Structure formats: C-alpha cells, structure tokens
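Novice: Below you'll find run.txt; it's compact mmCIF, C-alpha atoms.
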# COMPACT_ATOMS: atom_id res chain seq x y z
CA MET A 269 27.40 1.20 -2.98
CA ARG A 270 30.95 0.13 -2.25
CA LEU A 271 31.41 3.22 -0.10
CA VAL A 272 28.40 2.29 2.03
CA SER A 273 29.74 -1.25 2.54
CA PHE A 274 33.15 0.15 3.45
CA VAL A 275 31.64 2.52 6.03
CA GLN A 276 29.55 -0.31 7.46
CA VAL A 277 32.60 -2.54 7.88
CA LEU A 278 34.53 0.27 9.56
CA LEU A 279 31.60 0.88 11.92
CA LEU A 280 31.44 -2.82 12.79
CA LEU A 281 35.17 -2.97 13.51
CA ALA A 282 34.95 0.16 15.67
CA LEU A 283 32.03 -1.31 17.63
CA ALA A 284 33.86 -4.60 18.15
CA ALA A 285 37.02 -2.86 19.32
CA TYR A 286 35.06 -0.61 21.66
CA LEU A 287 33.15 -3.54 23.15
CA LEU A 288 36.39 -5.46 23.66
CA LEU A 289 38.00 -2.46 25.32
CA VAL A 290 35.04 -1.98 27.67
CA ALA A 291 34.78 -5.70 28.51
CA LEU A 292 38.46 -5.97 29.36
CA GLU A 293 38.56 -2.77 31.38
CA ASN A 294 35.50 -3.17 33.64
CA PRO A 295 33.62 -6.41 34.34
CA GLN A 296 30.78 -4.95 36.48
CA VAL A 297 30.53 -1.20 36.21
CA VAL A 298 31.13 -0.10 32.69
CA ARG A 299 33.04 3.09 32.02
CA LEU A 300 32.44 4.18 28.49
CA PRO A 301 35.09 6.64 27.34
CA LEU A 302 33.59 9.46 25.34
CA PRO A 303 35.07 10.36 21.96
CA PHE A 304 37.97 12.84 21.71
CA GLY A 305 38.92 12.42 25.40
CA ARG A 306 35.95 14.36 26.78
CA GLY A 307 35.55 12.14 29.81
CA GLU A 308 33.72 8.91 30.45
CA LEU A 309 30.22 7.57 31.04
CA ASN A 310 29.59 5.14 33.92
CA LEU A 311 26.81 2.63 33.20
CA PRO A 312 25.76 -0.72 34.65
CA VAL A 313 26.62 -3.73 32.51
CA GLY A 314 22.97 -4.32 31.54
CA ALA A 315 22.55 -0.77 30.27
CA ALA A 316 25.81 -1.03 28.34
CA VAL A 317 24.73 -4.32 26.78
CA ALA A 318 21.37 -2.79 25.83
CA LEU A 319 23.18 0.17 24.30
CA PHE A 320 25.41 -2.15 22.27
CA LEU A 321 22.42 -4.24 21.19
CA ILE A 322 20.61 -1.15 19.96
CA THR A 323 23.75 -0.02 18.14
CA GLY A 324 24.06 -3.47 16.55
CA ALA A 325 20.40 -3.42 15.48
CA VAL A 326 20.89 -0.03 13.84
CA TYR A 327 23.95 -1.40 12.06
CA ALA A 328 22.03 -4.46 10.85
CA ALA A 329 19.23 -2.20 9.62
CA LEU A 330 21.80 -0.21 7.67
CA LEU A 331 22.95 -3.44 6.01
CA PHE A 332 19.44 -3.94 4.61
CA VAL A 333 19.05 -0.41 3.25
CA PRO A 334 20.97 -0.76 -0.08
CA PRO A 335 19.18 -3.95 -1.26
CA LEU A 336 15.79 -2.54 -0.28
CA TRP A 337 16.61 0.70 -2.06
CA ASN A 338 17.56 -1.22 -5.22
CA VAL A 339 14.29 -3.19 -5.14
CA ARG A 340 12.32 0.03 -4.71
CA VAL A 341 14.11 1.71 -7.63
CA LYS A 342 13.61 -1.37 -9.84
CA ARG A 343 9.90 -1.56 -8.97
CA ARG A 344 9.41 2.12 -9.84
CA ARG A 345 11.30 1.69 -13.12
CA ASP A 346 9.18 -1.38 -14.03
CA ILE A 347 5.96 0.49 -13.26
CA ARG A 348 7.11 3.45 -15.35
CA GLU A 349 8.10 1.18 -18.28
CA ARG A 350 4.82 -0.75 -18.09
CA SER A 351 2.83 2.48 -18.07
CA ALA A 352 4.74 3.79 -21.10
CA LEU A 353 4.17 0.49 -22.93
CA GLU A 354 0.45 0.52 -22.14
CA ASN A 355 0.22 4.11 -23.40
CA ARG A 356 2.00 3.19 -26.66
CA LEU A 357 -0.27 0.16 -27.16
CA ALA A 358 -3.38 2.23 -26.47
CA ALA A 359 -2.22 4.90 -28.93
CA THR A 360 -1.55 2.25 -31.60
CA LEU A 361 -4.97 0.68 -31.05
CA GLN A 362 -6.68 4.06 -31.21
CA ALA A 363 -4.83 4.90 -34.44
CA ARG A 364 -5.84 1.60 -36.05
CA LEU A 365 -9.45 1.93 -34.94
CA GLY A 366 -9.51 5.52 -36.15
CA ALA A 367 -8.19 4.47 -39.57
CA MET A 368 -11.09 2.08 -40.07
CA THR A 369 -14.19 3.59 -41.68
CA PRO A 370 -17.69 2.64 -40.55
CA ALA A 371 -18.31 1.06 -43.98
CA ASN A 372 -15.47 -1.37 -43.30
CA LEU A 373 -16.95 -2.33 -39.97
CA THR A 374 -20.47 -3.30 -41.11
CA PRO A 375 -20.88 -6.91 -42.24
CA THR A 376 -23.77 -6.01 -44.63
CA ASN A 377 -21.33 -4.96 -47.31
CA LEU A 378 -19.92 -8.47 -47.57
CA ALA A 379 -21.35 -10.60 -50.38
CA PRO A 380 -22.14 -14.22 -49.62
CA VAL A 381 -19.40 -16.62 -50.72
CA THR A 382 -20.49 -19.06 -53.43
CA SER A 383 -18.66 -21.89 -55.11
CA ALA A 384 -18.68 -19.96 -58.40
CA ALA A 385 -16.92 -17.05 -56.68
CA VAL A 386 -14.28 -19.37 -55.24
CA THR A 387 -13.59 -21.12 -58.55
CA SER A 388 -13.33 -17.78 -60.34
CA ILE A 389 -10.66 -16.67 -57.87
CA LEU A 390 -8.60 -19.87 -58.10
CA PRO A 391 -6.21 -20.12 -61.07
CA ALA A 392 -7.32 -22.75 -63.55
CA ASP A 393 -4.63 -24.65 -65.44
CA SER A 394 -5.56 -25.38 -69.01
CA GLU A 395 -4.35 -28.99 -68.75
CA GLN A 396 -6.45 -29.64 -65.63
CA ALA A 397 -9.47 -27.99 -67.22
CA GLN A 398 -9.13 -30.12 -70.35
CA ALA A 399 -8.74 -33.34 -68.34
CA GLY A 400 -11.83 -32.54 -66.26
CA ILE A 401 -9.95 -32.32 -62.98
CA GLN A 402 -11.16 -29.70 -60.53
CA PRO A 403 -8.66 -26.96 -59.78
CA GLY A 404 -6.86 -27.39 -56.48
CA THR A 405 -7.12 -31.22 -56.39
CA GLN A 406 -4.32 -33.61 -57.16
CA PRO A 407 -4.73 -36.23 -59.98
What's the structure tokens form of this structure?

Specialist:
Amino acid sequence: MRLVSFVQVLLLLALAAYLLLVALENPQVVRLPLPFGRGELNLPVGAAVALFLITGAVYAALLFVPPLWNVRVKRRRDIRERSALENRLAATLQARLGAMTPANLTPTNLAPVTSAAVTSILPADSEQAQAGIQPGTQP
C-alpha cells in the first residue's frame, strides 16, 4: 500500500508542475506539450481546465481505492468466518441431538418427585436425626 501512496504523490506533483508550467506559459490559448517531445496540443483555457479537473477527479478516485478495497476484503473475511462458525455450531448441535436417544427425550419416563425421594437423596447427619432437626435446615 505504501507503493500506491508513493505513486499517487508523484502523480499529484507531476500534475501540479504541469499545470504551473501551462499557466505561466500561456494565459489564453493553452499549449500542452506532449510527453517525450512529440509536439504540443493547443486547447482553449476552458478545455484545459476541464481536462485538469477530470485528471484531478481520477486522482481523487484513486485515493479512495485502497481503503475501499480493505473494507471489501474485511467484509468478505467476516462473512467467511461467520459462515464457518455457523457450520461448526450446526455440526455440534446435530452431534448432540444425534447422541440423545428417543427414550431420553420423552417425559413419561420421569417419575414424579416426592418428599420421600428428596429426603432419601439428601445426606442425613446422625446428630441432626437424633435431635429431630430436618436435614438441610440450620438449628
């Protein structure tokens, strides 16, 4: 990207020098020397100004190309990463759903929870049981 900026600066300096040369040489009829000494081009001032404006607009458009290119590349990379992440998540979900058996999914296999079942699961301390304190409560 530094090379593009360097070329753009050189182009701007060349345009400025050329415009200065033309403005100092001819105030009304503009003689534009062609590159490599191949002659010159005679234009009215308005046409020359329009030519320089178009050249400046092209230069300004070139200044916007690298940032726009970077945004485009970043957007494509983000879309690609998001798609890969969604595919991994979908594969993980499918694997987990596939690991579950239909017997695990039906709620009819679950027994109703009773207080006797809960107290049988909770550890009963012998001291609390002897004192008549319910397990899980503080004295």

Novice: With only C-alpha atoms as the atoms that count, which of A:Thr323, A:Leu361, A:Glu349, A:Gly366 lies nearest to A:Ala282?

Specialist: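 Of the candidates, the smallest distance to A:Ala282 is held by A:Thr323.
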
Novice: Using Å and a single decimal, report how far atom CA of A:Tyr327 sits from atom CA of A:Leu278.

Specialist: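 Atom-to-atom, atom CA of A:Leu278 to atom CA of A:Tyr327, that is 11.0 Å.
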
Novice: Mind giving me the straight-line distance from atom CA of A:Val317 to atom CA of A:Val297 in Å, one decimal?

Specialist: 11.5 Å

Novice: Which residue, A:Gln276, A:Gly307, A:Val290, A:Ala285, has the smallest gap to A:Ala329 when you use all atoms listed in the file?

Specialist: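 Comparing A:Gln276, A:Gly307, A:Val290, A:Ala285 against A:Ala329, the winner is A:Gln276.
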
Novice: Could you please determine the separation between atom CA of A:Leu289 and atom CA of A:Ala316 in Å, to one decimal place?

Specialist: 12.6 Å

Novice: Which residues come within 12 Å of A:Pro334, counting only C-alpha atoms, excluding same-chain residues fewer than 5 positions away, as number ranges by chain?

Specialist: A: 269-273, 276, 328-329, 339-341

Novice: Identify which of the residues A:Arg350, A:Gln296, A:Pro301, A:Leu283 lies closest to A:Leu321, counting only C-alpha atoms when measuring atom-to-atom distances.

Specialist: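 Selected residue with least distance to A:Leu321: A:Leu283.
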
Novice: Which of these residues is nearest to A:Leu281, using all atoms listed in the file: A:Gly324, A:Gly305, A:Asn310, A:Asn355?

Specialist: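 Among the listed residues, the smallest separation from A:Leu281 belongs to A:Gly324.
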